[in-house]
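Okay, target.cif now, which holds mmCIF, C-alpha atoms:
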```cif
data_final
#
loop_
_atom_site.label_atom_id
_atom_site.label_comp_id
_atom_site.auth_asym_id
_atom_site.auth_seq_id
_atom_site.Cartn_x
_atom_site.Cartn_y
_atom_site.Cartn_z
CA MET A 1 212.10 -19.97 144.32
CA ALA A 2 214.87 -18.02 142.57
CA ALA A 3 216.82 -20.12 140.12
CA LEU A 4 220.61 -20.01 139.93
CA VAL A 5 222.08 -18.22 136.94
CA PRO A 6 225.23 -20.19 136.21
CA PRO A 7 228.08 -18.18 134.69
CA SER A 8 229.21 -21.14 132.59
CA PRO A 9 227.93 -24.67 131.91
CA ALA A 10 230.69 -26.25 133.98
CA ALA A 11 229.85 -24.22 137.06
CA PRO A 12 226.38 -25.60 138.01
CA ALA A 13 227.70 -28.60 139.93
CA ALA A 14 230.00 -26.48 142.05
CA ALA A 15 227.37 -23.77 142.42
CA ALA A 16 224.73 -26.27 143.56
CA SER A 17 226.94 -27.61 146.32
CA SER A 18 227.86 -24.17 147.61
CA SER A 19 224.27 -22.84 147.46
CA ASP A 20 223.50 -24.48 150.78
CA ALA A 21 226.19 -22.43 152.42
CA GLU A 22 225.41 -19.08 150.79
CA GLN A 23 222.32 -17.32 149.43
CA PRO A 24 221.49 -18.21 145.83
CA LYS A 25 221.98 -15.45 143.30
CA VAL A 26 218.78 -13.63 142.57
CA ASP A 27 217.29 -14.30 139.18
CA TYR A 28 215.54 -11.05 138.43
CA LEU A 29 213.52 -12.60 135.67
CA ASN A 30 211.96 -15.20 137.90
CA LEU A 31 210.61 -13.40 140.95
CA PRO A 32 207.60 -14.63 142.90
CA CYS A 33 204.22 -12.98 142.51
CA PRO A 34 203.67 -10.28 145.12
CA ILE A 35 200.86 -10.01 147.65
CA PRO A 36 197.81 -8.07 146.38
CA TYR A 37 198.03 -4.33 147.05
CA GLU A 38 195.12 -4.18 149.48
CA GLU A 39 196.63 -6.99 151.57
CA ILE A 40 199.98 -5.37 152.01
CA HIS A 41 199.49 -5.07 155.77
CA ARG A 42 197.91 -8.51 155.98
CA GLU A 43 199.99 -10.05 158.77
CA ALA A 44 199.77 -6.96 160.94
CA LEU A 45 196.03 -6.71 160.40
CA MET A 46 195.50 -10.35 161.28
CA SER A 47 197.49 -10.08 164.48
CA LEU A 48 196.48 -6.63 165.66
CA LYS A 49 192.90 -6.28 164.53
CA PRO A 50 190.80 -9.26 165.50
CA GLU A 51 187.03 -8.90 165.21
CA LEU A 52 186.32 -7.55 168.66
CA PHE A 53 182.66 -7.47 169.57
CA GLU A 54 180.45 -6.67 172.52
CA GLY A 55 177.64 -8.85 173.78
CA LEU A 56 176.63 -12.30 172.66
CA ARG A 57 177.49 -13.84 169.35
CA PHE A 58 176.36 -17.21 168.11
CA ASP A 59 177.24 -18.54 164.65
CA PHE A 60 176.04 -21.77 163.20
CA THR A 61 177.36 -22.93 159.86
CA LYS A 62 175.73 -25.89 158.23
CA GLY A 63 177.53 -27.45 155.31
CA LEU A 64 175.25 -29.08 152.77
CA ASN A 65 177.98 -29.93 150.37
CA GLN A 66 181.72 -29.49 149.95
CA LYS A 67 181.06 -26.19 148.26
CA PHE A 68 177.75 -24.92 149.58
CA SER A 69 176.87 -23.95 153.14
CA LEU A 70 174.26 -21.96 154.99
CA SER A 71 174.90 -19.93 158.09
CA HIS A 72 172.71 -18.59 160.85
CA SER A 73 174.02 -15.98 163.23
CA VAL A 74 172.54 -14.26 166.22
CA MET A 75 174.10 -11.16 167.76
CA MET A 76 172.80 -9.39 170.84
CA GLY A 77 174.53 -6.47 172.35
CA PRO A 78 174.91 -2.73 172.55
CA THR A 79 175.71 -0.98 169.30
CA GLU A 80 177.41 2.37 169.24
CA ILE A 81 175.79 5.18 167.37
CA PRO A 82 177.74 8.25 166.37
CA ALA A 83 176.92 11.13 168.68
CA GLN A 84 177.79 14.79 168.61
CA SER A 85 179.01 14.94 172.18
CA ALA A 86 182.15 13.25 173.46
CA GLU A 87 180.13 10.50 175.15
CA THR A 88 179.50 7.32 173.24
CA ILE A 89 175.84 6.40 173.03
CA LYS A 90 175.02 2.73 172.93
CA ILE A 91 171.71 1.21 172.00
CA PRO A 92 171.00 -2.45 172.70
CA THR A 93 170.17 -4.32 169.52
CA ALA A 94 169.57 -7.92 168.65
CA ASN A 95 169.68 -9.27 165.16
CA TYR A 96 169.62 -12.47 163.21
CA GLU A 97 171.57 -12.91 160.03
CA PHE A 98 171.08 -15.60 157.43
CA GLY A 99 173.84 -16.38 155.03
CA ALA A 100 174.63 -18.60 152.09
CA ASN A 101 178.11 -19.34 150.76
CA PHE A 102 179.19 -21.10 147.63
CA ILE A 103 182.91 -21.74 147.33
CA ASP A 104 184.35 -23.23 144.18
CA PRO A 105 187.90 -22.85 142.86
CA LYS A 106 186.57 -20.66 140.07
CA LEU A 107 183.61 -18.91 141.68
CA MET A 108 182.98 -17.76 145.19
CA LEU A 109 179.66 -16.28 146.30
CA PHE A 110 179.06 -15.02 149.79
CA GLY A 111 175.78 -13.47 150.91
CA ARG A 112 174.47 -12.37 154.28
CA VAL A 113 171.08 -10.83 154.91
CA MET A 114 169.85 -9.38 158.19
CA THR A 115 166.37 -9.06 159.59
CA ASP A 116 166.28 -5.34 158.80
CA GLY A 117 166.87 -6.03 155.13
CA ARG A 118 170.57 -5.21 154.87
CA LEU A 119 172.41 -7.40 152.40
CA ASN A 120 176.14 -7.92 152.37
CA ALA A 121 177.22 -9.67 149.19
CA ARG A 122 180.64 -10.69 147.84
CA LEU A 123 181.55 -12.30 144.58
CA LYS A 124 184.87 -13.56 143.25
CA CYS A 125 185.08 -15.08 139.82
CA ASP A 126 188.14 -16.25 137.87
CA LEU A 127 187.43 -15.18 134.35
CA THR A 128 190.69 -16.61 133.03
CA ASP A 129 193.84 -17.94 134.71
CA ASN A 130 195.15 -14.49 135.41
CA LEU A 131 192.11 -12.22 135.39
CA THR A 132 189.77 -12.16 138.37
CA LEU A 133 186.57 -10.21 138.88
CA LYS A 134 185.67 -9.36 142.45
CA GLY A 135 182.54 -7.58 143.57
CA ASN A 136 181.38 -6.35 146.91
CA ALA A 137 178.10 -4.71 147.88
CA GLN A 138 176.27 -3.54 150.99
CA LEU A 139 172.67 -2.87 150.09
CA THR A 140 170.07 -1.42 152.40
CA ASN A 141 166.46 -0.43 152.14
CA GLU A 142 167.25 3.16 152.96
CA PRO A 143 167.87 5.25 149.88
CA HIS A 144 171.39 6.49 149.20
CA MET A 145 172.96 4.28 151.84
CA SER A 146 173.99 1.40 149.58
CA HIS A 147 177.52 0.85 148.33
CA GLY A 148 178.91 -1.39 145.67
CA MET A 149 182.32 -1.91 144.17
CA PHE A 150 183.80 -4.06 141.41
CA ASN A 151 187.47 -4.90 140.98
CA PHE A 152 189.26 -6.39 138.03
CA ASP A 153 192.56 -8.00 139.03
CA TYR A 154 195.22 -9.06 136.63
CA LYS A 155 198.05 -11.21 137.91
CA GLY A 156 201.27 -11.27 135.93
CA SER A 157 204.37 -13.35 136.61
CA ASP A 158 205.84 -10.92 139.11
CA TYR A 159 203.32 -8.11 139.30
CA ARG A 160 199.65 -7.51 139.97
CA THR A 161 197.38 -4.77 138.76
CA GLN A 162 193.87 -3.92 139.85
CA PHE A 163 191.18 -1.63 138.53
CA GLN A 164 188.24 -0.62 140.73
CA VAL A 165 184.88 0.90 139.94
CA GLY A 166 182.48 1.82 142.69
CA ASN A 167 179.25 3.68 143.15
CA GLY A 168 179.43 7.39 143.64
CA ALA A 169 181.77 7.50 140.64
CA LEU A 170 184.65 5.95 142.52
CA LEU A 171 187.52 4.83 140.29
CA GLY A 172 190.79 3.39 141.40
CA ALA A 173 193.79 1.54 140.05
CA SER A 174 196.75 -0.05 141.75
CA TYR A 175 199.93 -1.79 140.72
CA ILE A 176 202.42 -3.80 142.72
CA GLN A 177 205.68 -5.30 141.52
CA SER A 178 208.20 -7.68 143.07
CA VAL A 179 211.54 -5.96 142.96
CA THR A 180 213.64 -8.61 144.65
CA ARG A 181 212.69 -11.90 146.25
CA ASN A 182 211.79 -10.17 149.48
CA LEU A 183 210.83 -6.64 148.49
CA SER A 184 207.79 -5.48 146.60
CA LEU A 185 206.77 -1.93 145.78
CA GLY A 186 203.46 -0.64 144.59
CA GLY A 187 201.35 2.41 143.97
CA GLU A 188 197.72 3.35 143.61
CA VAL A 189 195.57 6.21 142.36
CA PHE A 190 191.92 6.83 143.06
CA TRP A 191 189.30 9.35 142.14
CA ALA A 192 186.07 9.85 144.07
CA GLY A 193 183.61 11.71 141.89
CA GLN A 194 180.99 12.37 144.50
CA HIS A 195 183.36 14.06 146.90
CA ARG A 196 185.53 15.47 144.14
CA LYS A 197 188.65 14.03 145.69
CA SER A 198 191.53 12.23 144.14
CA GLY A 199 194.59 10.70 145.66
CA ILE A 200 197.74 8.80 145.02
CA GLY A 201 199.55 6.41 147.32
CA TYR A 202 202.64 4.24 147.51
CA ALA A 203 203.36 1.09 149.43
CA ALA A 204 206.34 -1.11 150.10
CA ARG A 205 206.64 -4.52 151.73
CA TYR A 206 209.70 -6.40 152.79
CA ASN A 207 209.31 -9.90 154.04
CA THR A 208 211.54 -12.76 154.97
CA ASP A 209 210.65 -16.05 156.64
CA LYS A 210 210.83 -14.47 160.05
CA MET A 211 209.52 -10.95 159.65
CA VAL A 212 207.35 -8.70 157.54
CA ALA A 213 207.74 -4.93 157.38
CA SER A 214 205.35 -2.84 155.35
CA GLY A 215 204.72 0.84 154.83
CA GLN A 216 202.13 2.87 153.02
CA VAL A 217 201.82 6.57 152.28
CA ALA A 218 198.84 8.27 150.66
CA SER A 219 198.14 11.80 149.56
CA THR A 220 195.04 11.84 151.77
CA GLY A 221 197.50 12.29 154.61
CA MET A 222 197.78 8.73 155.81
CA VAL A 223 201.07 7.09 156.67
CA ALA A 224 200.88 3.52 157.93
CA LEU A 225 203.86 1.44 158.95
CA SER A 226 203.82 -2.02 160.42
CA TYR A 227 206.25 -4.68 161.50
CA VAL A 228 205.55 -8.30 162.41
CA GLN A 229 208.16 -10.62 163.79
CA LYS A 230 207.56 -14.35 163.93
CA VAL A 231 209.34 -15.28 167.12
CA SER A 232 208.52 -18.96 166.84
CA ASP A 233 205.95 -21.23 165.20
CA LYS A 234 203.41 -20.35 167.83
CA VAL A 235 204.18 -16.76 168.72
CA SER A 236 204.22 -13.60 166.62
CA LEU A 237 204.70 -10.05 167.79
CA ALA A 238 203.41 -7.12 165.80
CA THR A 239 203.48 -3.37 165.97
CA ASP A 240 202.00 -0.66 163.86
CA LEU A 241 201.90 3.09 163.51
CA MET A 242 199.23 5.19 161.82
CA TYR A 243 199.95 8.84 161.28
CA ASN A 244 197.83 11.41 159.52
CA TYR A 245 200.05 14.26 158.45
CA MET A 246 197.12 16.49 157.57
CA SER A 247 195.42 16.33 160.93
CA GLY A 248 198.41 15.38 163.03
CA ASP A 249 196.99 12.40 164.89
CA VAL A 250 199.15 9.46 165.60
CA THR A 251 198.16 6.03 166.85
CA SER A 252 200.53 3.27 167.59
CA SER A 253 199.89 -0.23 168.88
CA VAL A 254 201.86 -3.25 169.96
CA GLY A 255 200.41 -6.72 170.13
CA TYR A 256 201.01 -10.41 170.28
CA ASP A 257 199.46 -13.40 168.56
CA TYR A 258 199.77 -16.85 170.09
CA ILE A 259 198.61 -19.62 167.78
CA LEU A 260 198.46 -22.72 169.92
CA ARG A 261 197.00 -26.12 169.23
CA GLN A 262 193.66 -25.56 170.88
CA CYS A 263 193.37 -21.82 170.91
CA ARG A 264 194.40 -18.55 169.38
CA LEU A 265 195.00 -15.60 171.66
CA ARG A 266 195.62 -12.09 170.39
CA GLY A 267 196.23 -9.11 172.60
CA LYS A 268 197.22 -5.55 171.98
CA ILE A 269 197.82 -2.27 173.70
CA ASP A 270 197.28 1.05 172.01
CA SER A 271 198.60 4.54 172.39
CA ASN A 272 195.00 5.76 172.79
CA GLY A 273 194.95 4.04 176.15
CA SER A 274 193.02 0.98 175.06
CA VAL A 275 193.90 -2.60 175.79
CA SER A 276 192.19 -5.45 174.03
CA ALA A 277 192.31 -9.21 173.83
CA PHE A 278 190.57 -11.87 171.79
CA LEU A 279 190.53 -15.58 172.52
CA GLU A 280 189.26 -18.33 170.24
CA GLU A 281 189.29 -21.69 171.96
CA ARG A 282 188.54 -24.92 170.20
CA LEU A 283 186.42 -26.93 172.58
CA ASN A 284 185.74 -29.78 170.24
CA MET A 285 185.71 -30.51 166.53
CA GLY A 286 183.63 -27.76 164.99
CA LEU A 287 182.87 -25.99 168.28
CA ASN A 288 184.72 -22.78 169.07
CA PHE A 289 184.35 -20.54 172.05
CA LEU A 290 185.11 -16.83 171.68
CA LEU A 291 185.94 -14.23 174.30
CA SER A 292 186.54 -10.63 173.40
CA ALA A 293 187.52 -7.74 175.64
CA GLU A 294 188.32 -4.14 174.87
CA ILE A 295 189.03 -1.68 177.65
CA ASP A 296 189.40 1.94 176.64
CA HIS A 297 190.80 3.72 179.67
CA ARG A 298 190.71 7.16 178.16
CA LYS A 299 187.05 7.13 177.15
CA LYS A 300 186.10 4.80 180.01
CA ASP A 301 184.39 2.43 177.60
CA TYR A 302 184.48 -1.24 178.58
CA LYS A 303 183.38 -3.83 176.08
CA PHE A 304 183.19 -7.52 176.81
CA GLY A 305 181.79 -10.16 174.56
CA PHE A 306 181.40 -13.90 174.47
CA GLY A 307 180.28 -16.22 171.76
CA LEU A 308 180.11 -19.67 170.31
CA THR A 309 180.77 -20.80 166.75
CA VAL A 310 179.36 -24.12 165.66
CA GLY A 311 180.35 -25.72 162.39
CA GLU A 312 183.48 -25.48 160.30
CA MET Q 1 173.95 34.30 125.50
CA ALA Q 2 176.23 34.83 122.52
CA SER Q 3 173.55 35.52 119.95
CA ARG Q 4 172.39 38.71 121.70
CA VAL Q 5 175.76 40.42 121.67
CA SER Q 6 176.38 40.69 117.93
CA LEU Q 7 176.92 43.42 115.35
CA LYS Q 8 173.82 44.55 113.58
CA ALA Q 9 175.47 44.18 110.18
CA GLY Q 10 176.04 40.44 110.29
CA LYS Q 11 173.17 39.72 112.60
CA GLY Q 12 171.30 37.32 110.37
CA LYS Q 13 174.28 35.01 109.78
CA VAL Q 14 175.47 35.11 113.39
CA VAL Q 15 172.02 34.37 114.70
CA ARG Q 16 171.72 31.40 112.39
CA LYS Q 17 175.17 30.06 113.32
CA SER Q 18 174.63 30.48 117.04
CA ALA Q 19 171.17 28.94 116.76
CA ALA Q 20 172.75 25.95 115.04
CA ALA Q 21 175.46 25.82 117.69
CA ASP Q 22 172.84 26.03 120.41
CA GLU Q 23 170.88 23.28 118.77
CA GLU Q 24 173.96 21.09 118.57
CA GLU Q 25 174.88 21.88 122.14
CA GLY Q 26 171.30 21.18 123.09
CA SER Q 27 171.29 17.81 121.40
CA VAL Q 28 174.59 16.78 122.99
CA ALA Q 29 173.31 17.87 126.38
CA ALA Q 30 170.05 16.07 125.77
CA ALA Q 31 171.90 12.90 124.75
CA GLY Q 32 174.06 13.17 127.85
CA LYS Q 33 171.00 13.65 130.05
CA PHE Q 34 169.29 10.72 128.32
CA VAL Q 35 172.26 8.43 128.99
CA LYS Q 36 172.48 9.56 132.61
CA GLU Q 37 168.76 9.08 133.21
CA TRP Q 38 168.76 5.63 131.63
CA SER Q 39 171.88 4.53 133.49
CA THR Q 40 170.41 5.75 136.78
CA TRP Q 41 167.22 3.80 136.01
CA ALA Q 42 169.30 0.73 135.16
CA MET Q 43 171.35 1.01 138.34
CA LYS Q 44 168.20 1.35 140.44
CA LYS Q 45 166.71 -1.77 138.86
CA ALA Q 46 170.00 -3.63 139.24
CA LYS Q 47 170.12 -2.71 142.91
CA VAL Q 48 166.61 -4.02 143.54
CA VAL Q 49 167.33 -7.23 141.60
CA THR Q 50 170.55 -7.82 143.51
CA HIS Q 51 168.97 -7.03 146.84
CA TYR Q 52 166.18 -9.56 146.43
CA GLY Q 53 167.85 -12.05 144.19
CA PHE Q 54 171.41 -12.56 145.41
CA ILE Q 55 170.74 -15.01 148.21
CA PRO Q 56 168.24 -17.05 146.13
CA LEU Q 57 170.84 -17.11 143.35
CA VAL Q 58 173.49 -18.49 145.69
CA ILE Q 59 171.04 -21.10 146.98
CA ILE Q 60 170.07 -22.17 143.46
CA ILE Q 61 173.70 -22.47 142.38
CA GLY Q 62 174.50 -24.40 145.55
CA MET Q 63 171.59 -26.79 145.23
CA ASN Q 64 172.65 -27.62 141.68
CA SER Q 65 176.29 -28.37 142.46
CA ASP Q 66 177.50 -31.96 142.98
CA PRO Q 67 176.82 -33.84 145.14
CA LYS Q 68 173.30 -32.46 144.94
CA PRO Q 69 171.92 -31.77 148.41
CA SER Q 70 168.24 -32.45 149.00
CA LEU Q 71 165.54 -29.94 149.90
CA SER Q 72 165.08 -31.46 153.35
CA GLN Q 73 168.76 -30.80 154.08
CA LEU Q 74 168.27 -27.19 153.09
CA LEU Q 75 165.29 -26.62 155.35
CA SER Q 76 166.14 -28.69 158.41
CA PRO Q 77 167.93 -26.95 161.26
CA VAL Q 78 170.30 -29.81 162.06
#
```

Exercise: express the given structure as structure tokens:
Amino acid sequence: MAALVPPSPAAPAAAASSSDAEQPKVDYLNLPCPIPYEEIHREALMSLKPELFEGLRFDFTKGLNQKFSLSHSVMMGPTEIPAQSAETIKIPTANYEFGANFIDPKLMLFGRVMTDGRLNARLKCDLTDNLTLKGNAQLTNEPHMSHGMFNFDYKGSDYRTQFQVGNGALLGASYIQSVTRNLSLGGEVFWAGQHRKSGIGYAARYNTDKMVASGQVASTGMVALSYVQKVSDKVSLATDLMYNYMSGDVTSSVGYDYILRQCRLRGKIDSNGSVSAFLEERLNMGLNFLLSAEIDHRKKDYKFGFGLTVGE
Amino acid sequence: MASRVSLKAGKGKVVRKSAAADEEEGSVAAAGKFVKEWSTWAMKKAKVVTHYGFIPLVIIIGMNSDPKPSLSQLLSPV
């Protein structure tokens, strides 16, 4: 927390007693570390974008150890494939995914492999106290469809920087700095060699105990603003706006997030005419029941899903 | 190409210089192509190694962490 900067040695006693009544003076040399740049819309994303799914989902996580666990997941349901016409084409698929996770304070490994050979791998390693290496890859058997990316993150006392290298000659760097106790500002640049595109973006985040407001602008034409208000311990309301100034489309959504003792319910309504809700109910220790619904009135696409998660 | 368009008087010297320049350019281009080919080969091998070896690597690291789980715990479905 910000320390008081006493004007004279005799003042601290008086200052300490009055600090309860008024806000402490900001010590600009002792600001907290900001949120990482890619998580700047974190609260809004958690409340407004739950993992909606269609069909059946069953996840079983078996812990062998405090740090090591295996997971088995079965998903059955229609999958959308991109189609030229306005209609969405869905193909029923069923797949099984095996995963292994190793979570240590210094090293985290996360791997998931599907029956068709697709591997989704994540790695996070703390090279020193402040420098972290993160890697992320989606590998497939089809040629030219695999992606990989490495990030180097450096955390300073009140700033964070990140450098990214990805396949297809993708390079990126970002920097975020705490300007006051509540406000942090940041920027990023990226260069995509394969598509010969480069871009620059800025982001700002203002948060207090009760609310978080964040905004992001990028030269690719994206403007994203979000606002989350924590109405009480159990209820949060969130809203966001995405605007592309190059193509002119705008999407806005409003949602709620109820975090109750036995369940978590998130619902949202969109300006594209879609309403969605996601319920996670804790039936017992280690047994969670999921219900997901997404109704798109404009495209007349109705998606309902149910699932069970066993294990921590 | 530069060597063709040259005055007849100084042709010998210019041809030699441009040949040397071409050779140098050629060697730099060849070195660049060499590096690119090798790095593409290395990336392809790295992709295959990661694709087949990542999950076994996580399992090996997990099975060697404390407390050491047993093989029957790894293979049983319960």

Which chain A residues are at most 8 Å from chain Q (counting only C-alpha atoms), as a ChimeraX atom specification?
/A:62,64-65,67-69,99-102,109-113,119,121,139-140

Shell around range 207-209 of chain A at 9 Å using all atoms listed in the file, local window under 6 positions removed, as a PyMOL selection string
chain A and resi 181-184+230

Please identify all polymer residues within 10 Å of Leu290 in chain A, counting only C-alpha atoms, omitting same-chain residues fewer than 2 positions from it, and present them as number ranges by chain.
A: 52-53, 56-58, 263-265, 278-282, 288, 292, 305-309

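Among the candidates A:Ile295, A:Met145, A:Val189, A:Ala44, the one nearest to Gly172 in chain A when counting all atoms listed in the file is A:Val189.
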
For the file shown, report as a ChimeraX atom specification the outcome of the PyMOL selection byres ((chain A and resi 75-83) around 10) at residue level.
/A:53-59,73-74,84-97,303-305,307

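For the pair CA of Asp126 in chain A and CA of Val212 in chain A, the interatomic distance is 28.5 Å.
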
List the neighbours of Ile176 in chain A out to 10 Å using only C-alpha atoms; skip same-chain residues closer than 6 positions along the sequence, and give me the result as a PyMOL selection string.
chain A and resi 33-38+40+155+158-162+184-188+202-205

Dump as an mmCIF file, keeping the file's coordinate frame, selection limited to C-alpha atoms:
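Saved as out_3.cif:
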```cif
data_model
loop_
_atom_site.group_PDB
_atom_site.id
_atom_site.type_symbol
_atom_site.label_atom_id
_atom_site.label_comp_id
_atom_site.auth_asym_id
_atom_site.auth_seq_id
_atom_site.Cartn_x
_atom_site.Cartn_y
_atom_site.Cartn_z
ATOM 1 C CA CYS A 33 204.220 -12.980 142.510
ATOM 2 C CA PRO A 34 203.670 -10.280 145.120
ATOM 3 C CA ILE A 35 200.860 -10.010 147.650
ATOM 4 C CA PRO A 36 197.810 -8.070 146.380
ATOM 5 C CA TYR A 37 198.030 -4.330 147.050
ATOM 6 C CA GLU A 38 195.120 -4.180 149.480
ATOM 7 C CA ILE A 40 199.980 -5.370 152.010
ATOM 8 C CA LYS A 155 198.050 -11.210 137.910
ATOM 9 C CA ASP A 158 205.840 -10.920 139.110
ATOM 10 C CA TYR A 159 203.320 -8.110 139.300
ATOM 11 C CA ARG A 160 199.650 -7.510 139.970
ATOM 12 C CA THR A 161 197.380 -4.770 138.760
ATOM 13 C CA GLN A 162 193.870 -3.920 139.850
ATOM 14 C CA SER A 184 207.790 -5.480 146.600
ATOM 15 C CA LEU A 185 206.770 -1.930 145.780
ATOM 16 C CA GLY A 186 203.460 -0.640 144.590
ATOM 17 C CA GLY A 187 201.350 2.410 143.970
ATOM 18 C CA GLU A 188 197.720 3.350 143.610
ATOM 19 C CA TYR A 202 202.640 4.240 147.510
ATOM 20 C CA ALA A 203 203.360 1.090 149.430
ATOM 21 C CA ALA A 204 206.340 -1.110 150.100
ATOM 22 C CA ARG A 205 206.640 -4.520 151.730
#
```

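Here CA of Asn167 in chain A is placed at a distance of 11.7 Å from CA of Gly135 in chain A.
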